[in-house]
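The next block is data_35.txt, given as compact mmCIF, C-alpha atoms and all ligand atoms.
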```txt
# COMPACT_ATOMS: atom_id res chain seq x y z
CA MET J 155 74.33 158.53 60.20
CA ASN J 156 72.51 155.98 58.07
CA SER J 157 70.87 153.06 59.80
CA PRO J 158 73.49 150.53 60.88
CA VAL J 159 70.78 148.15 62.09
CA ILE J 160 70.80 144.56 60.89
CA ALA J 161 67.91 142.49 62.21
CA HIS J 162 69.36 139.10 63.20
CA ARG J 163 67.17 136.34 61.69
CA GLY J 164 64.71 139.09 60.75
CA ALA J 165 62.83 141.35 63.16
CA PHE J 166 61.17 138.47 65.00
CA LYS J 167 61.12 139.34 68.64
CA ALA J 168 58.64 142.17 69.24
CA ASN J 169 55.86 140.45 67.28
CA HIS J 170 56.75 136.89 68.28
CA PHE J 171 57.38 135.85 64.69
CA PRO J 172 59.46 132.73 64.08
CA GLU J 173 63.13 133.49 63.43
CA ASN J 174 64.06 133.38 59.73
CA SER J 175 60.39 133.57 58.69
CA ILE J 176 59.17 135.71 55.82
CA ALA J 177 57.09 137.54 58.46
CA SER J 178 60.29 138.52 60.31
CA LEU J 179 61.92 139.63 57.04
CA LYS J 180 58.88 141.77 56.16
CA GLN J 181 58.97 143.32 59.63
CA ALA J 182 62.66 144.25 59.21
CA ILE J 183 61.75 145.90 55.89
CA GLN J 184 58.86 147.69 57.60
CA LEU J 185 61.26 149.01 60.26
CA ASN J 186 63.55 150.22 57.47
CA CYS J 187 66.50 148.28 58.86
CA PHE J 188 69.72 148.47 56.86
CA GLY J 189 69.58 144.71 56.56
CA SER J 190 67.74 141.56 57.53
CA GLU J 191 69.87 138.51 58.21
CA PHE J 192 68.91 134.88 57.53
CA ASP J 193 70.54 131.44 57.29
CA VAL J 194 70.67 129.07 54.33
CA TRP J 195 71.12 125.29 54.11
CA MET J 196 70.93 122.86 51.20
CA THR J 197 68.68 119.80 51.47
CA ALA J 198 69.77 116.28 50.45
CA ASP J 199 68.15 116.85 47.05
CA ASP J 200 69.83 120.23 46.47
CA SER J 201 67.03 122.62 47.47
CA LEU J 202 68.14 125.79 49.22
CA VAL J 203 66.06 126.57 52.30
CA VAL J 204 66.09 129.20 55.05
CA ASN J 205 66.46 127.94 58.63
CA HIS J 206 68.89 128.63 61.44
CA ASP J 207 69.49 125.21 62.95
CA PRO J 208 70.94 122.25 61.07
CA LYS J 209 67.69 120.43 61.89
CA PHE J 210 64.10 121.34 61.04
CA HIS J 211 61.51 119.51 63.13
CA ASN J 212 64.26 117.11 64.19
CA LEU J 213 65.22 116.24 60.62
CA GLU J 214 68.76 117.02 59.52
CA ILE J 215 68.25 119.36 56.59
CA GLU J 216 71.39 118.30 54.73
CA LYS J 217 70.31 114.65 54.87
CA THR J 218 66.58 115.06 54.18
CA ASP J 219 64.79 115.76 50.92
CA PHE J 220 62.74 118.90 50.48
CA LYS J 221 59.42 117.09 50.19
CA THR J 222 59.86 115.49 53.59
CA LEU J 223 60.87 118.78 55.23
CA GLN J 224 57.95 120.53 53.62
CA GLN J 225 55.48 118.45 55.61
CA PHE J 226 56.26 120.68 58.57
CA GLN J 227 55.57 124.38 59.07
CA LEU J 228 56.98 127.27 61.04
CA SER J 229 55.15 128.16 64.26
CA ASN J 230 53.14 130.92 62.52
CA GLY J 231 51.87 128.53 59.85
CA GLU J 232 54.36 129.62 57.16
CA ALA J 233 55.88 126.95 54.97
CA LEU J 234 59.60 126.31 55.42
CA PRO J 235 60.91 129.16 53.24
CA THR J 236 62.89 128.26 50.18
CA LEU J 237 65.72 130.68 49.41
CA ARG J 238 63.92 131.51 46.15
CA ASN J 239 60.76 132.58 47.97
CA TYR J 240 62.75 134.40 50.62
CA LEU J 241 64.62 136.45 48.01
CA ARG J 242 61.38 137.21 46.19
CA ALA J 243 59.72 138.37 49.42
CA GLY J 244 62.81 140.43 50.19
CA LEU J 245 62.69 142.27 46.87
CA GLU J 246 58.99 143.07 47.08
CA ASN J 247 57.90 146.47 48.44
CA ASN J 248 61.36 147.02 49.81
CA PRO J 249 62.93 150.41 49.19
CA SER J 250 66.32 149.72 50.76
CA THR J 251 66.70 146.85 53.23
CA GLN J 252 69.60 144.58 52.29
CA LEU J 253 69.39 140.79 52.38
CA ILE J 254 72.15 139.54 54.67
CA LEU J 255 72.50 135.98 53.43
CA GLU J 256 74.39 133.63 55.75
CA ILE J 257 75.43 130.38 54.11
CA LYS J 258 75.85 127.72 56.78
CA PRO J 259 79.00 125.60 56.53
CA SER J 260 78.15 122.08 55.44
CA ASN J 261 78.33 119.50 58.23
CA ILE J 262 78.88 116.83 55.58
CA SER J 263 82.02 118.14 53.89
CA LYS J 264 83.96 121.22 52.82
CA GLU J 265 83.42 120.13 49.22
CA ARG J 266 79.66 120.17 49.67
CA GLY J 267 80.05 123.67 51.10
CA GLN J 268 81.69 124.81 47.87
CA ILE J 269 78.75 123.41 45.89
CA VAL J 270 76.24 125.12 48.20
CA ALA J 271 78.03 128.46 47.80
CA ALA J 272 77.95 128.17 44.00
CA LYS J 273 74.27 127.20 44.00
CA VAL J 274 73.36 130.13 46.24
CA VAL J 275 75.14 132.53 43.88
CA GLU J 276 73.38 131.00 40.89
CA LEU J 277 69.98 131.53 42.51
CA VAL J 278 70.73 135.09 43.68
CA LEU J 279 71.74 135.94 40.10
CA ALA J 280 68.68 134.22 38.62
CA GLU J 281 66.40 136.15 40.98
CA LYS J 282 68.21 139.42 40.19
CA ALA J 283 68.92 139.99 43.88
CA SER J 284 72.66 140.68 43.64
CA HIS J 285 72.34 144.41 44.24
CA ARG J 286 70.57 143.71 47.55
CA THR J 287 72.62 140.80 48.83
CA VAL J 288 75.48 140.66 51.33
CA TYR J 289 76.96 137.18 51.73
CA ILE J 290 78.23 136.14 55.15
CA SER J 291 79.67 132.83 56.37
CA PHE J 292 81.75 131.14 59.04
CA ASP J 293 83.31 129.10 56.22
CA PHE J 294 86.08 131.31 54.82
CA ASP J 295 86.48 129.13 51.74
CA MET J 296 82.83 129.58 50.79
CA LEU J 297 83.39 133.33 50.66
CA VAL J 298 86.59 132.90 48.64
CA LYS J 299 84.59 130.71 46.24
CA ILE J 300 81.93 133.40 45.88
CA ARG J 301 84.62 135.99 45.18
CA SER J 302 85.92 133.81 42.35
CA LEU J 303 82.41 133.85 40.84
CA LEU J 304 81.41 137.46 41.55
CA LYS J 305 83.91 140.29 41.48
CA LYS J 306 81.60 142.80 43.14
CA ALA J 307 79.73 140.76 45.76
CA HIS J 308 79.77 142.02 49.33
CA LEU J 309 81.42 139.32 51.44
CA GLN J 310 81.77 139.44 55.23
CA TYR J 311 83.52 136.77 57.26
CA LEU J 312 81.96 135.66 60.55
CA ASN J 313 84.38 133.46 62.43
CA GLY J 314 86.62 136.06 64.04
CA ASP J 315 89.89 134.15 63.63
CA LYS J 316 91.42 136.17 60.80
CA SER J 317 93.01 139.60 60.98
CA PRO J 318 91.76 142.45 58.81
CA ALA J 319 94.88 142.07 56.62
CA GLU J 320 94.14 138.36 56.02
CA VAL J 321 90.51 139.10 55.14
CA ARG J 322 91.55 141.85 52.75
CA ALA J 323 94.22 139.68 51.14
CA ALA J 324 91.57 137.05 50.32
CA GLY J 325 89.51 139.70 48.55
CA LEU J 326 86.65 139.83 51.05
CA ASP J 327 85.29 143.23 51.99
CA GLY J 328 84.09 143.02 55.55
CA LEU J 329 84.49 141.65 59.06
CA ASP J 330 81.32 140.49 60.79
CA TYR J 331 82.64 139.17 64.09
CA HIS J 332 81.22 138.48 67.53
CA PHE J 333 81.55 141.74 69.44
CA SER J 334 83.90 140.11 71.98
CA VAL J 335 86.48 139.62 69.19
CA PHE J 336 86.64 143.40 68.74
CA GLN J 337 86.84 143.91 72.49
CA LYS J 338 89.84 141.55 72.60
CA ASN J 339 91.44 143.02 69.45
CA PRO J 340 90.50 146.70 69.53
CA ASP J 341 93.31 147.53 67.08
CA TRP J 342 91.48 145.50 64.42
CA ILE J 343 88.84 148.24 64.25
CA ASP J 344 91.20 150.90 62.90
CA GLN J 345 93.11 148.34 60.82
CA ALA J 346 89.88 147.28 59.13
CA LYS J 347 88.91 150.87 58.44
CA SER J 348 92.28 151.71 56.95
CA LEU J 349 92.00 148.66 54.66
CA GLY J 350 88.56 149.78 53.51
CA LEU J 351 86.79 146.80 55.14
CA LYS J 352 83.24 147.13 56.43
CA LEU J 353 82.75 146.51 60.15
CA ASN J 354 79.81 144.53 61.49
CA ALA J 355 79.37 142.86 64.90
CA TRP J 356 76.98 140.17 66.14
CA THR J 357 74.76 139.56 68.07
CA VAL J 358 74.52 142.73 70.07
CA ASN J 359 71.55 143.01 72.42
CA ASP J 360 73.13 144.92 75.31
CA PRO J 361 72.65 148.71 75.06
CA ALA J 362 76.12 149.35 76.56
CA ILE J 363 77.77 147.34 73.77
CA MET J 364 75.54 148.93 71.11
CA SER J 365 76.70 152.29 72.39
CA TRP J 366 80.38 151.25 72.33
CA LEU J 367 80.09 150.04 68.72
CA LEU J 368 78.30 153.25 67.68
CA ASP J 369 81.11 155.26 69.31
CA LYS J 370 83.59 153.18 67.29
CA LYS J 371 81.62 154.02 64.14
CA PHE J 372 80.81 150.47 63.12
CA ASP J 373 79.10 150.35 59.75
CA PHE J 374 76.62 147.73 60.93
CA ILE J 375 75.43 146.12 64.14
CA THR J 376 73.54 142.83 64.04
CA THR J 377 70.94 142.55 66.79
CA ASN J 378 67.86 140.74 68.05
CA GLU J 379 66.65 144.16 69.24
CA PRO J 380 66.43 146.25 66.05
CA GLU J 381 63.82 148.65 67.46
CA GLN J 382 65.98 149.44 70.49
CA LEU J 383 69.13 149.97 68.43
CA GLN J 384 67.29 152.17 65.94
CA ALA J 385 65.91 154.29 68.82
CA MET J 386 69.46 154.73 70.13
CA VAL J 387 70.69 155.80 66.68
CA ASN J 388 67.78 158.23 66.30
CA GLU J 389 68.52 159.78 69.66
CA ARG J 390 72.18 160.28 68.76
CA ASN J 391 71.21 161.81 65.41
CA SER J 392 68.79 164.22 67.11
CA LYS J 393 71.61 165.56 69.29
CA LYS J 394 73.86 166.40 66.38
MG MG R 1 72.91 133.65 61.06
```

Show the structure stored in the file as structure tokens.
Ligand code: MG
Amino acid sequence: MNSPVIAHRGAFKANHFPENSIASLKQAIQLNCFGSEFDVWMTADDSLVVNHDPKFHNLEIEKTDFKTLQQFQLSNGEALPTLRNYLRAGLENNPSTQLILEIKPSNISKERGQIVAAKVVELVLAEKASHRTVYISFDFDMLVKIRSLLKKAHLQYLNGDKSPAEVRAAGLDGLDYHFSVFQKNPDWIDQAKSLGLKLNAWTVNDPAIMSWLLDKKFDFITTNEPEQLQAMVNERNSKK
């Protein structure tokens, strides 16, 4: 089987890199992960930046301008990554790792979320990163917006509250749910497969759950432990 491993916020843990840093992205590429996940917010002055939390150094990203945010660094000395720089780093010396781009729902308004989604698409197109990008979001309407702009984009929904049929009907092409959602709704696994939807689960760090998802033939597994998951996949492949 091909690698199903998606490094959650990059491969940060083993080398103590900051989450969502370019260093963690480069490490995921080095490990030949299927994908490296990261989170995107828009600043008050419309810059797209990569960070997990709504705040960076205690400043609310959506309400702060880029110049102010930029005064602070990540713990390894990297600048706060812009989405542009992150995409560029992700396309450089990278034979296959996909960029799993999570757009955070806006805490200001749904309308702002629609603008963020459109701006992200515009930048991904400008940077010629479409072929490497999978868009994910907890905001269903952001993904529907992206579908209206891009017929072929890979779009996976995160929130776990919609059935495979509902996701398919909206034109999205994957479920990326917390693993417990699949444990509670095991019939969704076969339903998704029969609808041609990709299956991804987050954030899976327990070997027993990794093993269960591999048995269920998930396309992707998002983990903070990419090395461990890859070792498990390699061991299974060696027994075939
Ligand atoms: Mg994320």

Cut-off 10 Å: closest chain J/ligand MG 1 (chain R) atom pairs per residue, using only C-alpha atoms and all ligand atoms, as a Markdown table:
```
| residue | atom | partner | partner_atom | distance |
| --- | --- | --- | --- | --- |
| J:His162 | CA | R:MG1 | MG | 6.8 |
| J:Arg163 | CA | R:MG1 | MG | 6.4 |
| J:Gly164 | CA | R:MG1 | MG | 9.8 |
| J:Asn174 | CA | R:MG1 | MG | 9.0 |
| J:Glu191 | CA | R:MG1 | MG | 6.4 |
| J:Phe192 | CA | R:MG1 | MG | 5.5 |
| J:Asp193 | CA | R:MG1 | MG | 5.0 |
| J:Val194 | CA | R:MG1 | MG | 8.4 |
| J:Asn205 | CA | R:MG1 | MG | 9.0 |
| J:His206 | CA | R:MG1 | MG | 6.4 |
| J:Asp207 | CA | R:MG1 | MG | 9.3 |
| J:Ile254 | CA | R:MG1 | MG | 8.7 |
| J:Leu255 | CA | R:MG1 | MG | 8.0 |
| J:Glu256 | CA | R:MG1 | MG | 5.5 |
| J:Ile257 | CA | R:MG1 | MG | 8.1 |
| J:Lys258 | CA | R:MG1 | MG | 7.9 |
| J:Ile290 | CA | R:MG1 | MG | 8.3 |
| J:Ser291 | CA | R:MG1 | MG | 8.3 |
| J:Phe292 | CA | R:MG1 | MG | 9.4 |
| J:Leu312 | CA | R:MG1 | MG | 9.3 |
| J:Trp356 | CA | R:MG1 | MG | 9.2 |
| J:Thr357 | CA | R:MG1 | MG | 9.4 |
| J:Thr376 | CA | R:MG1 | MG | 9.7 |
```

Correct to one decimal, the distance CA of Leu353 (chain J)-CA of Ile375 (chain J) is 8.3 Å

Dig up all the protein and nucleic acid residues within 10 Å of (65.4, 120.8, 50.7) in the file frame, using all atoms listed in the file, and format them as an MDAnalysis selection string. chainID J and resid 195:204 215:224 234:237

Could you pull the residues within 12 Å of Arg238 (chain J), counting only C-alpha atoms, minus those fewer than 3 positions along the same chain, as a list in words? Ile176, Val194, Ser201, Leu202, Val203, Val204, Leu234, Pro235, Leu241, Arg242, Ala243, Gly244, Leu245, Lys273, Val274, Val275, Glu276, Leu277, Val278, Leu279, Ala280, Glu281, Lys282 and Ala283 of chain J

May I have the selected residues written with C-alpha atoms, as a PDB file, in the frame of the given file?
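Saved the output as selection22.pdb:
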```pdb
ATOM      1  CA  ILE J 176      59.170 135.710  55.820  1.00  0.00           C
ATOM      2  CA  VAL J 194      70.670 129.070  54.330  1.00  0.00           C
ATOM      3  CA  SER J 201      67.030 122.620  47.470  1.00  0.00           C
ATOM      4  CA  LEU J 202      68.140 125.790  49.220  1.00  0.00           C
ATOM      5  CA  VAL J 203      66.060 126.570  52.300  1.00  0.00           C
ATOM      6  CA  VAL J 204      66.090 129.200  55.050  1.00  0.00           C
ATOM      7  CA  LEU J 234      59.600 126.310  55.420  1.00  0.00           C
ATOM      8  CA  PRO J 235      60.910 129.160  53.240  1.00  0.00           C
ATOM      9  CA  LEU J 241      64.620 136.450  48.010  1.00  0.00           C
ATOM     10  CA  ARG J 242      61.380 137.210  46.190  1.00  0.00           C
ATOM     11  CA  ALA J 243      59.720 138.370  49.420  1.00  0.00           C
ATOM     12  CA  GLY J 244      62.810 140.430  50.190  1.00  0.00           C
ATOM     13  CA  LEU J 245      62.690 142.270  46.870  1.00  0.00           C
ATOM     14  CA  LYS J 273      74.270 127.200  44.000  1.00  0.00           C
ATOM     15  CA  VAL J 274      73.360 130.130  46.240  1.00  0.00           C
ATOM     16  CA  VAL J 275      75.140 132.530  43.880  1.00  0.00           C
ATOM     17  CA  GLU J 276      73.380 131.000  40.890  1.00  0.00           C
ATOM     18  CA  LEU J 277      69.980 131.530  42.510  1.00  0.00           C
ATOM     19  CA  VAL J 278      70.730 135.090  43.680  1.00  0.00           C
ATOM     20  CA  LEU J 279      71.740 135.940  40.100  1.00  0.00           C
ATOM     21  CA  ALA J 280      68.680 134.220  38.620  1.00  0.00           C
ATOM     22  CA  GLU J 281      66.400 136.150  40.980  1.00  0.00           C
ATOM     23  CA  LYS J 282      68.210 139.420  40.190  1.00  0.00           C
ATOM     24  CA  ALA J 283      68.920 139.990  43.880  1.00  0.00           C
TER      25      ALA J 283
END
```

In terms of the shortest atom-to-atom distance over all atoms listed in the file, which of J:Leu329, J:Val298, J:Leu303, J:Ala233 is closest to Ala272 (chain J)?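 Using all atoms listed in the file, Ala272 (chain J) sits closest to J:Leu303.
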
Interatomic distance, CA of Gly328 (chain J) to CA of Asn359 (chain J) (Å, one decimal):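 For CA of Gly328 (chain J) relative to CA of Asn359 (chain J), the distance reads 21.0 Å.
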
Tell me, in Å to one decimal, how far CA of Lys352 (chain J) is from CA of Val387 (chain J).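 So the two atoms, CA of Lys352 (chain J) and CA of Val387 (chain J), lie 18.4 Å apart.
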
Using all atoms listed in the file, collect all residues at a distance of at most 10 Å from (78.2, 153.6, 60.1) as written in the file, then present them as a PyMOL selection string. chain J and resi 155-159+352-354+367-375

Under the rule that all atoms listed in the file are counted, which of J:Leu349, J:Ser190, J:Gln181, J:Gln337 is the nearest residue to Arg322 (chain J)?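 That would be J:Leu349, the residue with the smallest distance to Arg322 (chain J).
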
Which residues come within 8 Å of Ser250 (chain J), counting all atoms listed in the file, excluding same-chain residues fewer than 3 positions away, as a PyMOL selection string? chain J and resi 183+186+188

Counting all atoms listed in the file, the residue of J:Gln382, J:Leu228, J:Ala161, J:Ile343 that sits nearest Ala362 (chain J):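 Of all the options, J:Gln382 lies closest to Ala362 (chain J).
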
With distances taken over all atoms listed in the file, which of J:Glu379, J:His211, J:Gln268, J:Ile262 is nearest to Gln225 (chain J)?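 Of J:Glu379, J:His211, J:Gln268, J:Ile262, the one nearest Gln225 (chain J), counting all atoms listed in the file, is J:His211.
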
Between J:Ile269, J:Gly189, J:Asn212, J:Gly350, which has the minimum distance to Val288 (chain J) (counting all atoms listed in the file)?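 Under the stated criterion, the closest residue is J:Gly189.
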
Which of these residues is nearest to Lys306 (chain J), using only C-alpha atoms: J:Ala168, J:Val321, J:Ile160, J:Leu326? J:Leu326

Please produce region 156-188 of chain J, completed to N, CA and C atoms, as a short mmCIF file (atom, residue, chain, number, x, y, z; two decimals), in the frame of the given file.
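This went into part_22.cif:
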```cif
data_model
loop_
_atom_site.label_atom_id
_atom_site.label_comp_id
_atom_site.auth_asym_id
_atom_site.auth_seq_id
_atom_site.Cartn_x
_atom_site.Cartn_y
_atom_site.Cartn_z
N ASN J 156 73.50 156.90 58.62
CA ASN J 156 72.51 155.98 58.07
C ASN J 156 72.26 154.87 59.08
N SER J 157 71.17 154.15 58.87
CA SER J 157 70.87 153.06 59.80
C SER J 157 71.95 151.99 59.73
N PRO J 158 72.54 151.66 60.88
CA PRO J 158 73.49 150.53 60.88
C PRO J 158 72.81 149.22 61.29
N VAL J 159 71.47 149.25 61.41
CA VAL J 159 70.78 148.15 62.09
C VAL J 159 70.57 146.95 61.17
N ILE J 160 71.10 145.81 61.58
CA ILE J 160 70.80 144.56 60.89
C ILE J 160 69.99 143.68 61.84
N ALA J 161 68.78 143.34 61.40
CA ALA J 161 67.91 142.49 62.21
C ALA J 161 68.38 141.04 62.07
N HIS J 162 68.81 140.46 63.19
CA HIS J 162 69.36 139.10 63.20
C HIS J 162 68.24 138.08 63.08
N ARG J 163 68.24 137.31 62.01
CA ARG J 163 67.17 136.34 61.69
C ARG J 163 65.83 137.06 61.46
N GLY J 164 65.90 138.27 60.95
CA GLY J 164 64.71 139.09 60.75
C GLY J 164 64.31 139.78 62.05
N ALA J 165 63.31 140.67 61.95
CA ALA J 165 62.83 141.35 63.16
C ALA J 165 61.71 140.48 63.74
N PHE J 166 62.11 139.52 64.56
CA PHE J 166 61.17 138.47 65.00
C PHE J 166 60.60 138.71 66.39
N LYS J 167 61.38 139.42 67.21
CA LYS J 167 61.12 139.34 68.64
C LYS J 167 59.85 140.07 69.09
N ALA J 168 59.74 141.34 68.72
CA ALA J 168 58.64 142.17 69.24
C ALA J 168 57.27 141.58 68.90
N ASN J 169 57.15 140.99 67.71
CA ASN J 169 55.86 140.45 67.28
C ASN J 169 55.75 138.93 67.43
N HIS J 170 56.74 138.35 68.07
CA HIS J 170 56.75 136.89 68.28
C HIS J 170 56.65 136.11 66.97
N PHE J 171 57.31 136.61 65.94
CA PHE J 171 57.38 135.85 64.69
C PHE J 171 58.45 134.77 64.83
N PRO J 172 58.34 133.69 64.07
CA PRO J 172 59.46 132.73 64.08
C PRO J 172 60.71 133.38 63.47
N GLU J 173 61.86 133.02 64.00
CA GLU J 173 63.13 133.49 63.43
C GLU J 173 63.23 132.98 61.99
N ASN J 174 63.83 133.79 61.12
CA ASN J 174 64.06 133.38 59.73
C ASN J 174 62.76 133.17 58.94
N SER J 175 61.65 133.68 59.45
CA SER J 175 60.39 133.57 58.69
C SER J 175 60.28 134.73 57.71
N ILE J 176 59.42 134.58 56.74
CA ILE J 176 59.17 135.71 55.82
C ILE J 176 58.50 136.84 56.60
N ALA J 177 57.70 136.50 57.61
CA ALA J 177 57.09 137.54 58.46
C ALA J 177 58.17 138.38 59.15
N SER J 178 59.23 137.76 59.62
CA SER J 178 60.29 138.52 60.31
C SER J 178 61.09 139.36 59.32
N LEU J 179 61.26 138.85 58.10
CA LEU J 179 61.92 139.63 57.04
C LEU J 179 61.08 140.87 56.69
N LYS J 180 59.77 140.65 56.51
CA LYS J 180 58.88 141.77 56.16
C LYS J 180 58.88 142.83 57.26
N GLN J 181 58.96 142.37 58.51
CA GLN J 181 58.97 143.32 59.63
C GLN J 181 60.26 144.14 59.63
N ALA J 182 61.39 143.51 59.29
CA ALA J 182 62.66 144.25 59.21
C ALA J 182 62.59 145.30 58.09
N ILE J 183 61.92 144.94 56.99
CA ILE J 183 61.75 145.90 55.89
C ILE J 183 60.86 147.06 56.36
N GLN J 184 59.79 146.70 57.05
CA GLN J 184 58.86 147.69 57.60
C GLN J 184 59.58 148.67 58.53
N LEU J 185 60.51 148.16 59.32
CA LEU J 185 61.26 149.01 60.26
C LEU J 185 62.35 149.80 59.54
N ASN J 186 62.52 149.54 58.25
CA ASN J 186 63.55 150.22 57.47
C ASN J 186 64.96 149.92 57.98
N CYS J 187 65.17 148.69 58.43
CA CYS J 187 66.50 148.28 58.86
C CYS J 187 67.46 148.35 57.67
N PHE J 188 68.75 148.55 57.95
CA PHE J 188 69.72 148.47 56.86
C PHE J 188 69.68 147.09 56.23
#
```
